[in-house]
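Colleague: See model-v3.txt below, with compact mmCIF, C-alpha atoms.
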# COMPACT_ATOMS: atom_id res chain seq x y z
CA MET A 1 -77.29 -149.96 -103.18
CA ALA A 2 -79.08 -151.02 -100.00
CA SER A 3 -77.21 -153.17 -97.51
CA SER A 4 -78.19 -156.83 -97.44
CA LYS A 5 -78.90 -156.49 -93.73
CA MET A 6 -81.58 -153.84 -94.25
CA PRO A 7 -85.21 -155.06 -94.17
CA ILE A 8 -87.15 -155.15 -97.44
CA ILE A 9 -90.45 -153.24 -97.21
CA ILE A 10 -93.43 -154.52 -99.18
CA ASN A 11 -96.44 -152.18 -99.57
CA CYS A 12 -99.91 -153.72 -99.36
CA GLY A 13 -102.14 -151.00 -99.54
CA LYS A 14 -102.32 -118.05 -53.50
CA THR A 15 -101.42 -115.45 -51.25
CA MET A 16 -98.13 -115.29 -49.31
CA PHE A 17 -98.16 -116.83 -45.84
CA SER A 18 -96.69 -115.07 -42.79
CA TYR A 19 -92.99 -115.19 -41.96
CA ARG A 20 -93.72 -117.16 -38.80
CA PHE A 21 -95.80 -119.73 -40.69
CA GLY A 22 -93.11 -120.12 -43.35
CA THR A 23 -90.35 -120.48 -40.74
CA PHE A 24 -92.36 -123.14 -38.93
CA LEU A 25 -92.92 -125.17 -42.12
CA LYS A 26 -89.22 -125.02 -43.02
CA SER A 27 -88.28 -126.27 -39.57
CA VAL A 28 -90.64 -129.25 -39.60
CA GLN A 29 -89.56 -130.22 -43.10
CA SER A 30 -85.87 -130.01 -42.23
CA ILE A 31 -86.20 -132.72 -39.59
CA GLY A 32 -88.05 -135.03 -41.97
CA LEU A 33 -91.31 -135.60 -40.15
CA ILE A 34 -93.39 -136.72 -43.13
CA LYS A 35 -94.10 -140.43 -42.71
CA CYS A 36 -97.30 -141.03 -44.61
CA ARG A 37 -98.15 -143.74 -47.14
CA GLN A 38 -95.30 -143.08 -49.55
CA TYR A 39 -94.90 -144.25 -53.15
CA SER A 40 -93.35 -147.72 -53.15
CA THR A 41 -92.46 -150.53 -55.48
CA GLU A 42 -95.31 -152.51 -53.96
CA ASN A 43 -97.82 -149.82 -54.97
CA THR A 44 -96.29 -149.75 -58.45
CA ALA A 45 -96.66 -153.51 -58.90
CA VAL A 46 -100.30 -153.42 -57.79
CA ASN A 47 -101.17 -150.43 -59.97
CA LYS A 48 -99.59 -151.98 -63.08
CA GLU A 49 -102.33 -154.59 -62.87
CA ARG A 50 -105.12 -152.02 -62.47
CA ASP A 51 -106.36 -150.12 -65.50
CA PRO A 52 -106.38 -146.39 -64.70
CA ALA A 53 -108.29 -145.39 -67.87
CA PRO A 54 -111.88 -145.91 -66.54
CA PHE A 55 -110.99 -143.79 -63.49
CA PHE A 56 -109.14 -141.08 -65.42
CA PHE A 57 -111.91 -140.59 -68.01
CA ASN A 58 -114.65 -140.44 -65.36
CA LYS A 59 -116.42 -137.07 -65.70
CA GLU A 60 -116.19 -136.25 -62.00
CA VAL A 61 -112.47 -137.13 -61.92
CA GLN A 62 -111.85 -134.93 -64.97
CA LYS A 63 -113.72 -132.07 -63.29
CA LEU A 64 -111.63 -132.39 -60.12
CA LEU A 65 -108.35 -132.51 -62.08
CA MET A 66 -109.31 -129.46 -64.15
CA SER A 67 -110.29 -127.49 -61.04
CA MET A 68 -106.86 -128.19 -59.50
CA THR A 69 -105.07 -127.30 -62.76
CA GLY A 70 -106.12 -123.66 -62.51
CA ARG A 71 -106.65 -120.96 -65.14
CA ASN A 72 -103.66 -118.62 -65.43
CA TYR A 73 -104.26 -117.24 -68.94
CA GLN A 74 -100.81 -115.66 -69.21
CA LYS A 75 -99.33 -119.09 -68.69
CA ILE A 76 -101.83 -120.93 -70.89
CA PHE A 77 -101.20 -118.60 -73.85
CA ARG A 78 -97.46 -118.30 -73.23
CA ARG A 79 -94.95 -118.55 -76.05
CA ARG A 80 -93.92 -122.17 -76.50
CA LYS A 81 -90.50 -123.60 -77.29
CA ASP A 82 -91.51 -124.98 -80.67
CA SER A 83 -89.48 -122.66 -82.95
CA SER A 84 -92.69 -121.06 -84.28
CA LYS A 85 -92.68 -117.36 -85.13
CA LEU A 86 -94.12 -114.97 -82.58
CA ALA A 87 -97.25 -113.36 -83.98
CA SER A 88 -97.53 -109.59 -83.84
CA PRO A 89 -100.13 -108.34 -81.33
CA GLU A 90 -103.45 -107.01 -82.61
CA TYR A 91 -105.25 -104.08 -81.02
CA LYS A 92 -109.00 -103.72 -81.52
CA PHE A 93 -111.75 -101.42 -80.30
CA MET A 94 -114.69 -103.56 -79.16
CA THR A 95 -118.16 -103.14 -77.83
CA ASP A 96 -119.09 -104.91 -74.59
CA GLU A 97 -120.83 -107.61 -76.62
CA GLN A 98 -117.76 -108.17 -78.84
CA LEU A 99 -115.49 -108.24 -75.78
CA LYS A 100 -117.70 -110.86 -74.13
CA GLU A 101 -117.65 -112.94 -77.32
CA SER A 102 -113.83 -112.70 -77.52
CA MET A 103 -113.49 -113.73 -73.87
CA GLU A 104 -115.69 -116.77 -74.48
CA LYS A 105 -113.58 -117.67 -77.52
CA ALA A 106 -110.39 -117.36 -75.45
CA GLU A 107 -111.93 -119.59 -72.77
CA ARG A 108 -112.76 -122.27 -75.34
CA LYS A 109 -109.21 -122.08 -76.70
CA ALA A 110 -107.78 -122.31 -73.15
CA THR A 111 -109.89 -125.40 -72.46
CA LYS A 112 -108.53 -126.98 -75.65
CA LEU A 113 -104.92 -126.16 -74.70
CA LEU A 114 -105.48 -127.69 -71.26
CA GLN A 115 -106.73 -130.99 -72.71
CA MET A 116 -104.89 -133.56 -70.60
CA PRO A 117 -102.81 -136.40 -72.11
CA PRO A 118 -104.69 -139.65 -71.38
CA VAL A 119 -103.59 -141.94 -68.58
CA VAL A 120 -104.00 -145.56 -69.70
CA LYS A 121 -102.64 -149.00 -68.93
CA GLU A 122 -99.27 -149.99 -70.36
CA ARG A 123 -99.70 -151.96 -73.59
CA PRO A 124 -98.76 -155.67 -73.68
CA THR A 125 -95.83 -156.84 -75.77
CA ILE A 126 -96.52 -158.37 -79.21
CA ASP A 127 -95.13 -161.87 -79.56
CA LYS A 128 -97.40 -163.75 -81.96
CA VAL A 129 -96.17 -166.18 -84.60
CA LEU A 130 -98.52 -166.51 -87.59
CA SER A 131 -96.79 -169.43 -89.32
CA LYS A 132 -93.49 -171.26 -89.71
CA ASP A 133 -92.27 -172.16 -93.18
CA PRO A 134 -88.88 -173.97 -93.00
CA ALA A 135 -88.84 -174.24 -96.80
CA LEU A 136 -88.18 -170.48 -96.95
CA GLN A 137 -85.14 -170.70 -94.67
CA GLY A 138 -82.09 -169.10 -96.30
CA HIS A 139 -84.17 -167.65 -99.16
CA ASP A 140 -82.93 -164.17 -98.27
CA THR A 141 -80.44 -162.55 -95.92
CA ALA A 142 -82.84 -159.80 -94.86
CA LYS A 143 -86.20 -159.75 -93.10
CA LEU A 144 -89.30 -158.91 -95.12
CA VAL A 145 -91.66 -156.34 -93.57
CA ILE A 146 -95.22 -156.47 -94.89
CA THR A 147 -97.21 -153.29 -94.18
CA ASP A 148 -100.87 -152.59 -94.89
CA ILE A 149 -100.90 -148.94 -96.00
CA THR A 150 -104.66 -148.66 -96.57
CA PHE A 151 -105.89 -145.14 -95.77
CA GLY A 152 -108.44 -144.68 -93.00
CA ILE A 153 -107.05 -147.36 -90.66
CA GLU A 154 -105.77 -146.27 -87.26
CA ASN A 155 -102.00 -146.79 -86.98
CA HIS A 156 -102.57 -148.65 -83.73
CA ASP A 157 -104.70 -151.25 -85.57
CA ARG A 158 -102.77 -151.46 -88.84
CA LEU A 159 -101.65 -154.97 -89.87
CA ILE A 160 -97.84 -155.19 -90.01
CA ALA A 161 -96.02 -158.53 -90.23
CA VAL A 162 -92.39 -159.64 -90.48
CA ARG A 163 -90.99 -162.64 -92.36
CA GLU A 164 -87.80 -163.80 -90.60
CA THR A 165 -84.88 -165.27 -92.54
CA ASP A 166 -85.66 -168.71 -91.08
CA GLY A 167 -89.15 -168.64 -92.67
CA THR A 168 -91.09 -167.62 -89.54
CA LEU A 169 -93.94 -165.18 -90.18
CA ARG A 170 -94.85 -163.11 -87.11
CA LEU A 171 -96.59 -159.90 -86.18
CA ALA A 172 -94.28 -156.89 -85.96
CA ASP A 173 -93.32 -155.74 -82.47
CA TRP A 174 -94.09 -152.21 -81.27
CA ASP A 175 -90.74 -150.77 -82.29
CA GLU A 176 -91.11 -152.12 -85.83
CA ARG A 177 -94.69 -150.86 -85.98
CA HIS A 178 -93.57 -147.40 -84.90
CA ARG A 179 -90.95 -147.23 -87.67
CA MET A 180 -93.28 -148.46 -90.41
CA ASN A 181 -96.14 -146.17 -89.39
CA GLN A 182 -93.78 -143.19 -89.25
CA ILE A 183 -92.43 -144.00 -92.73
CA TYR A 184 -95.83 -144.27 -94.43
CA PHE A 185 -97.96 -142.01 -92.23
CA PRO A 186 -95.54 -139.59 -90.54
CA VAL A 187 -96.68 -137.65 -87.50
CA TYR A 188 -95.38 -134.07 -87.50
CA GLY A 189 -92.54 -133.66 -84.99
CA ARG A 190 -92.16 -137.40 -84.35
CA GLU A 191 -88.87 -139.09 -85.15
CA ILE A 192 -88.34 -142.64 -86.40
CA THR A 193 -85.70 -143.33 -83.76
CA MET A 194 -86.08 -142.42 -80.07
CA PRO A 195 -84.54 -138.97 -79.36
CA LYS A 196 -81.48 -139.04 -77.11
CA MET A 197 -83.12 -136.55 -74.74
CA PHE A 198 -85.15 -139.42 -73.26
CA ASP A 199 -82.02 -141.29 -72.18
CA GLN A 200 -81.54 -141.09 -68.42
CA GLU A 201 -78.35 -139.01 -68.50
CA TYR A 202 -79.96 -136.31 -70.67
CA LEU A 203 -83.22 -136.44 -68.73
CA GLU A 204 -81.33 -135.75 -65.50
CA ASP A 205 -79.82 -132.65 -67.06
CA LEU A 206 -83.24 -131.44 -68.21
CA PHE A 207 -84.66 -132.13 -64.73
CA SER A 208 -81.92 -130.05 -63.13
CA ARG A 209 -82.88 -127.17 -65.45
CA LYS A 210 -86.57 -127.66 -64.61
CA GLU A 211 -87.56 -128.21 -68.24
CA TYR A 212 -90.55 -130.34 -67.21
CA ILE A 213 -93.03 -128.89 -69.71
CA PHE A 214 -90.57 -129.32 -72.60
CA ILE A 215 -89.95 -132.97 -71.63
CA LEU A 216 -93.64 -133.81 -71.31
CA ASP A 217 -94.69 -131.98 -74.48
CA ARG A 218 -91.96 -133.74 -76.46
CA ALA A 219 -92.91 -137.12 -74.98
CA CYS A 220 -96.54 -136.60 -76.07
CA ILE A 221 -95.40 -136.01 -79.66
CA GLN A 222 -92.86 -138.85 -79.84
CA MET A 223 -94.77 -141.63 -78.09
CA ASP A 224 -98.26 -143.00 -77.56
CA PRO A 225 -99.82 -142.87 -74.06
CA ASP A 226 -99.67 -146.67 -73.66
CA ASP A 227 -95.97 -146.84 -74.63
CA PRO A 228 -93.89 -148.15 -71.69
CA LYS A 229 -91.20 -145.55 -72.49
CA TYR A 230 -93.74 -142.71 -72.39
CA GLN A 231 -95.01 -143.88 -69.03
CA GLU A 232 -91.47 -144.23 -67.70
CA VAL A 233 -90.51 -140.70 -68.81
CA SER A 234 -93.73 -139.00 -67.70
CA GLN A 235 -93.87 -140.74 -64.32
CA SER A 236 -90.21 -140.04 -63.53
CA THR A 237 -90.89 -136.38 -64.40
CA TYR A 238 -93.93 -136.26 -62.10
CA GLU A 239 -91.93 -137.81 -59.26
CA TYR A 240 -89.06 -135.34 -59.73
CA VAL A 241 -91.54 -132.44 -59.68
CA ASP A 242 -93.11 -133.87 -56.52
CA LYS A 243 -89.75 -134.41 -54.83
CA ASN A 244 -88.69 -130.81 -55.48
CA GLU A 245 -92.17 -129.31 -54.96
CA ASP A 246 -92.08 -127.62 -58.37
CA TYR A 247 -95.86 -127.90 -58.77
CA ASP A 248 -96.29 -124.27 -59.80
CA ILE A 249 -94.28 -124.92 -62.98
CA LEU A 250 -96.92 -127.39 -64.18
CA LYS A 251 -99.89 -125.36 -62.87
CA SER A 252 -102.18 -124.13 -65.65
CA THR A 253 -100.70 -126.62 -68.12
CA ARG A 254 -102.20 -129.81 -69.53
CA HIS A 255 -99.68 -131.90 -67.55
CA PHE A 256 -100.73 -130.86 -64.04
CA GLY A 257 -103.85 -133.08 -64.00
CA PRO A 258 -102.04 -136.30 -65.06
CA MET A 259 -99.33 -135.57 -62.47
CA VAL A 260 -101.92 -135.23 -59.68
CA PHE A 261 -103.65 -138.39 -60.91
CA HIS A 262 -100.34 -140.28 -60.82
CA LEU A 263 -99.60 -139.13 -57.25
CA VAL A 264 -103.08 -140.02 -56.01
CA TRP A 265 -103.08 -143.33 -57.91
CA ASN A 266 -99.91 -144.31 -56.04
CA LYS A 267 -101.06 -142.88 -52.67
CA ASN A 268 -98.21 -140.40 -52.64
CA ILE A 269 -99.89 -137.07 -51.97
CA SER A 270 -98.19 -135.87 -48.77
CA ASN A 271 -95.83 -133.37 -50.42
CA LEU A 272 -98.57 -131.86 -52.57
CA PHE A 273 -100.94 -131.81 -49.59
CA LEU A 274 -98.41 -129.87 -47.50
CA HIS A 275 -97.59 -127.56 -50.42
CA ASN A 276 -101.27 -126.60 -50.70
CA ILE A 277 -101.32 -125.73 -46.99
CA LYS A 278 -98.15 -123.65 -47.35
CA THR A 279 -99.69 -121.70 -50.24
CA GLU A 280 -103.04 -121.43 -48.39
CA ASN A 281 -104.77 -123.40 -51.13
CA ILE A 282 -107.16 -125.40 -48.96
CA GLU A 283 -109.73 -125.73 -51.76
CA ASP A 284 -107.27 -127.79 -53.82
CA ASN A 285 -106.74 -130.10 -50.84
CA VAL A 286 -110.51 -130.63 -50.66
CA SER A 287 -110.48 -131.63 -54.35
CA LEU A 288 -107.41 -133.80 -53.73
CA ILE A 289 -109.21 -135.69 -50.96
CA GLN A 290 -112.30 -136.20 -53.12
CA LEU A 291 -110.10 -137.58 -55.90
CA TYR A 292 -108.32 -139.85 -53.40
CA ARG A 293 -111.66 -141.28 -52.28
CA LYS A 294 -112.73 -141.95 -55.87
CA LEU A 295 -109.55 -143.78 -56.88
CA HIS A 296 -109.21 -145.90 -53.75
CA SER A 297 -112.46 -147.57 -52.83
CA ASP A 298 -110.61 -149.79 -50.33
CA ILE A 299 -110.16 -146.77 -48.06
CA ASN A 300 -113.33 -145.75 -46.27
CA TYR A 301 -113.79 -142.06 -45.47
CA ASP A 302 -117.59 -142.02 -45.47
CA ASN A 303 -117.53 -140.36 -42.06
CA LEU A 304 -115.97 -137.21 -43.55
CA GLU A 305 -118.46 -134.54 -44.51
CA ILE A 306 -117.59 -131.32 -46.38
CA GLU A 307 -119.15 -128.70 -44.12
CA ASP A 308 -116.02 -126.69 -43.36
CA ASN A 309 -113.05 -126.99 -45.74
CA VAL A 310 -110.36 -126.65 -43.05
CA LYS A 311 -112.06 -129.14 -40.74
CA PHE A 312 -112.58 -131.57 -43.64
CA VAL A 313 -108.88 -131.38 -44.58
CA GLU A 314 -107.84 -131.73 -40.94
CA GLU A 315 -109.96 -134.84 -40.39
CA PHE A 316 -108.56 -136.49 -43.51
CA ALA A 317 -105.00 -135.63 -42.45
CA LYS A 318 -105.56 -137.29 -39.07
CA GLU A 319 -106.76 -140.46 -40.80
CA GLU A 320 -104.14 -140.62 -43.55
CA PHE A 321 -100.99 -138.90 -42.25
CA SER A 322 -99.85 -140.17 -38.88
CA GLU A 323 -97.01 -138.40 -36.99
CA THR A 324 -96.29 -135.87 -39.74
CA SER A 325 -95.74 -132.16 -40.07
CA ILE A 326 -99.11 -131.78 -41.80
CA ILE A 327 -101.25 -131.56 -38.63
CA PRO A 328 -99.00 -128.88 -37.02
CA ALA A 329 -98.93 -127.02 -40.36
CA LEU A 330 -102.73 -126.99 -40.46
CA GLN A 331 -102.82 -125.68 -36.90
CA ALA A 332 -100.39 -122.90 -37.86
CA TYR A 333 -102.59 -122.11 -40.88
CA LYS A 334 -105.69 -121.85 -38.69
CA GLU A 335 -103.87 -119.48 -36.32
CA LEU A 336 -102.75 -117.37 -39.27
CA VAL A 337 -106.31 -117.09 -40.60
CA LYS A 338 -107.55 -116.14 -37.12
CA GLU A 339 -104.87 -113.42 -36.78
CA ARG A 340 -105.74 -112.09 -40.23
CA GLU A 341 -109.45 -111.91 -39.37
CA GLU A 342 -108.69 -110.06 -36.13
CA LEU A 343 -106.43 -107.63 -37.98
CA GLU A 344 -109.13 -106.88 -40.56
CA LYS A 345 -111.67 -106.38 -37.76
CA ASN A 346 -109.35 -103.92 -35.97
CA ILE A 347 -108.73 -101.99 -39.21
CA LYS A 348 -112.48 -101.66 -39.79
CA LYS A 349 -112.91 -100.44 -36.21
CA ALA A 350 -110.15 -97.89 -36.65
CA HIS A 351 -111.93 -96.53 -39.72
CA GLY A 352 -115.30 -96.49 -37.97
CA LEU A 353 -116.72 -99.17 -40.27
CA GLU A 354 -117.49 -101.54 -37.42
CA GLU A 355 -118.48 -101.03 -33.81
Rewrite the structure of this file - the entire thing - as structure tokens.

Modeller:
Amino acid sequence: MASSKMPIIINCGKTMFSYRFGTFLKSVQSIGLIKCRQYSTENTAVNKERDPAPFFFNKEVQKLLMSMTGRNYQKIFRRRKDSSKLASPEYKFMTDEQLKESMEKAERKATKLLQMPPVVKERPTIDKVLSKDPALQGHDTAKLVITDITFGIENHDRLIAVRETDGTLRLADWDERHRMNQIYFPVYGREITMPKMFDQEYLEDLFSRKEYIFILDRACIQMDPDDPKYQEVSQSTYEYVDKNEDYDILKSTRHFGPMVFHLVWNKNISNLFLHNIKTENIEDNVSLIQLYRKLHSDINYDNLEIEDNVKFVEEFAKEEFSETSIIPALQAYKELVKEREELEKNIKKAHGLEE
């Protein structure tokens, strides 16, 4: 017999950098020289009012995020921690035309696997009373939950109401909606109650083991993108990755783009910017700057022209990062490139390939 306290449910239908360069970067980081526009509670408060969705779904923004995500096919098609059986490999003899067709098919599948979770504004709380009927007060000891189970309606828009024991009829809150939707229209892998892994103590343990992809994949299954808990979990994961410079773990996954968007949205790109210099990935810094300009119209960098990637990055760094290790790191990078070019020139001379 059900407990009297339970609700009654009614159905209603890069390459390695030189030792000297690496030693230099370690030394400047160890004395804490980075003092750029860091992530702050002030930025968070402002950005909670702004809707990121129109920016995130912009075609040019999506293109920039995808270009920075990268295409490491071994990583994209890796075995996932989802308890699924590992398929046996297939070996085929192919013509050039068949090989080309298979490569195109693999590219389409990779693009699908790299589809980024949407970045949207946090949803407002539901606190709407439909009616108050004092005559129904004390009629029952349990709440009545009225759920429209008509097929074809999006769960987000489904009408769900609650009749309180004091006779008040109100719309169900998000937690109640989640439970009812999961009962009648279950999503595979989603649980009715929030998994313990998203509690802070368990998250910290997962962070320490660098299980970022597992956390983010599980969050995408359990919660909707506008859920405050999803945004709390995903953003804390992005910030932990940024703090520890574990960007390569998220590279070539669907979560790298949203992480970069989050960092740029909050004007907190210094660590990633320096990481790209350390890994000699100047092209990603060019894309990062372009994204920065698109998301923050209040900052004017119209004077910057992309003629030379290194110069473009250097000019932006001078404008945005004052008194940091980034400018010296760029100078060290330029010297490294110059040394490498001279070495290649000398090798060609030695082999008689160049006068």

Colleague: Quick one: distance from atom CA of A:Ile299 to atom CA of A:Phe56 in Å, one decimal?

Modeller: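 These two atoms are separated by 18.3 Å.
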
Colleague: Between A:Gln62, A:Ser234, A:Ala53, A:Asn181, which one has atoms that come closest to A:Gln290, using all atoms listed in the file?

Modeller: A:Gln62

Colleague: So that I can see what lies close to A:Asp284, please list as an NGL selection string the residues with an atom at most 10 Å from it, counting all atoms listed in the file and leaving out residues fewer than 2 positions away in the same chain.

Modeller: :A and (64-65 or 67-70 or 272-273 or 276-277 or 280-282 or 286-290 or 309)

Colleague: Tell me which protein, DNA and RNA residues are within 10 Å of A:Gly138, counting all atoms listed in the file, leaving out same-chain ones fewer than 3 positions away, and put them as a VMD selection string.

Modeller: chain A and resid 134 to 135 141 to 142 164 to 167

Colleague: Taking into account all atoms listed in the file, which residue in the set A:Tyr73, A:Phe321, A:Glu122, A:Asn266 is nearest to A:Met103?

Modeller: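 Closest to A:Met103 of all the choices is A:Tyr73.
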
Colleague: Which residues are close to stretch 199-208 of chain A, i.e. within 8 Å by only C-alpha atoms, leaving aside same-chain residues fewer than 6 positions away? Reply as a count of residues only.

Modeller: 3

Colleague: For a quick check of understanding, using all atoms listed in the file, which of A:Trp174, A:Tyr188, A:Phe93, A:Phe77 has the smallest distance to A:Ile126?

Modeller: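 Once distances to A:Ile126 are computed over all atoms listed in the file, the minimum belongs to A:Trp174.
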
Colleague: At a cut-off of 12 Å, using all atoms listed in the file, what residues contact A:Glu176? Leave out same-chain residues fewer than 6 positions from it and give the result as a list in words.

Modeller: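 Residues meeting the cut-off are Pro7, Ile9, Ile126, Lys143, Leu144, Val145, Ile146, Thr147, Leu159, Ile160, Ala161, Val162, Arg170, Gln182, Ile183, Ile192 and Thr193 of chain A.
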
Colleague: Which residue out of A:Ser252, A:Met180, A:Asp133, A:Lys294 has the minimum interatomic distance to A:Arg71 when all atoms listed in the file are used?

Modeller: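 Among the listed residues, the smallest separation from A:Arg71 belongs to A:Ser252.
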
Colleague: Would you kindly identify which residues have an atom no farther than 6 Å from (-97.4, -128.3, -44.2), using all atoms listed in the file and the file's own coordinates, and write them out as number ranges by chain?

Modeller: A: 25, 274, 277-278, 325-326, 329

Colleague: Find the residue from A:Leu295, A:Leu330, A:Met194, A:Val119 that sits nearest to A:Lys311; use all atoms listed in the file when measuring.

Modeller: A:Leu330

Colleague: I'd like to know which of A:Lys121, A:Asn268, A:Glu211, A:Arg163 is closest to A:Asp140, using only C-alpha atoms.

Modeller: A:Arg163

Colleague: Report, in Å with one decimal, the straight-line distance from atom CA of A:Ile249 to atom CA of A:Asn271.

Modeller: 15.2 Å

Colleague: Report as JSON the centre and the edge lengths, in Å to one decimal, of the axis-aligned box holding every listed atom of stretch 109-112 of chain A, padded by 5 Å on each side.

Modeller:
{"center_x": -108.8, "center_y": -124.5, "center_z": -74.6, "size_x": 12.1, "size_y": 14.9, "size_z": 14.2}

Colleague: Quote the spacing between atom CA of A:Arg209 and atom CA of A:Thr253 in Å to one decimal place.

Modeller: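 Between atom CA of A:Arg209 and atom CA of A:Thr253 the gap is 18.0 Å.
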
Colleague: So which residues are close to (-98.0, -143.7, -93.3), meaning at most 12 Å away in the file's coordinates with only C-alpha atoms counted, and can you show them as a list in words?

Modeller: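 Residues with an atom at most 12 Å from (-98.0, -143.7, -93.3): Asn11, Cys12, Gly13, Thr147, Asp148, Ile149, Thr150, Phe151, Gly152, Ile153, Glu154, Asn155, His156, Arg158, Ile160, Arg177, His178, Arg179, Met180, Asn181, Gln182, Ile183, Tyr184, Phe185, Pro186, Val187, Tyr188 and Ile192 of chain A.
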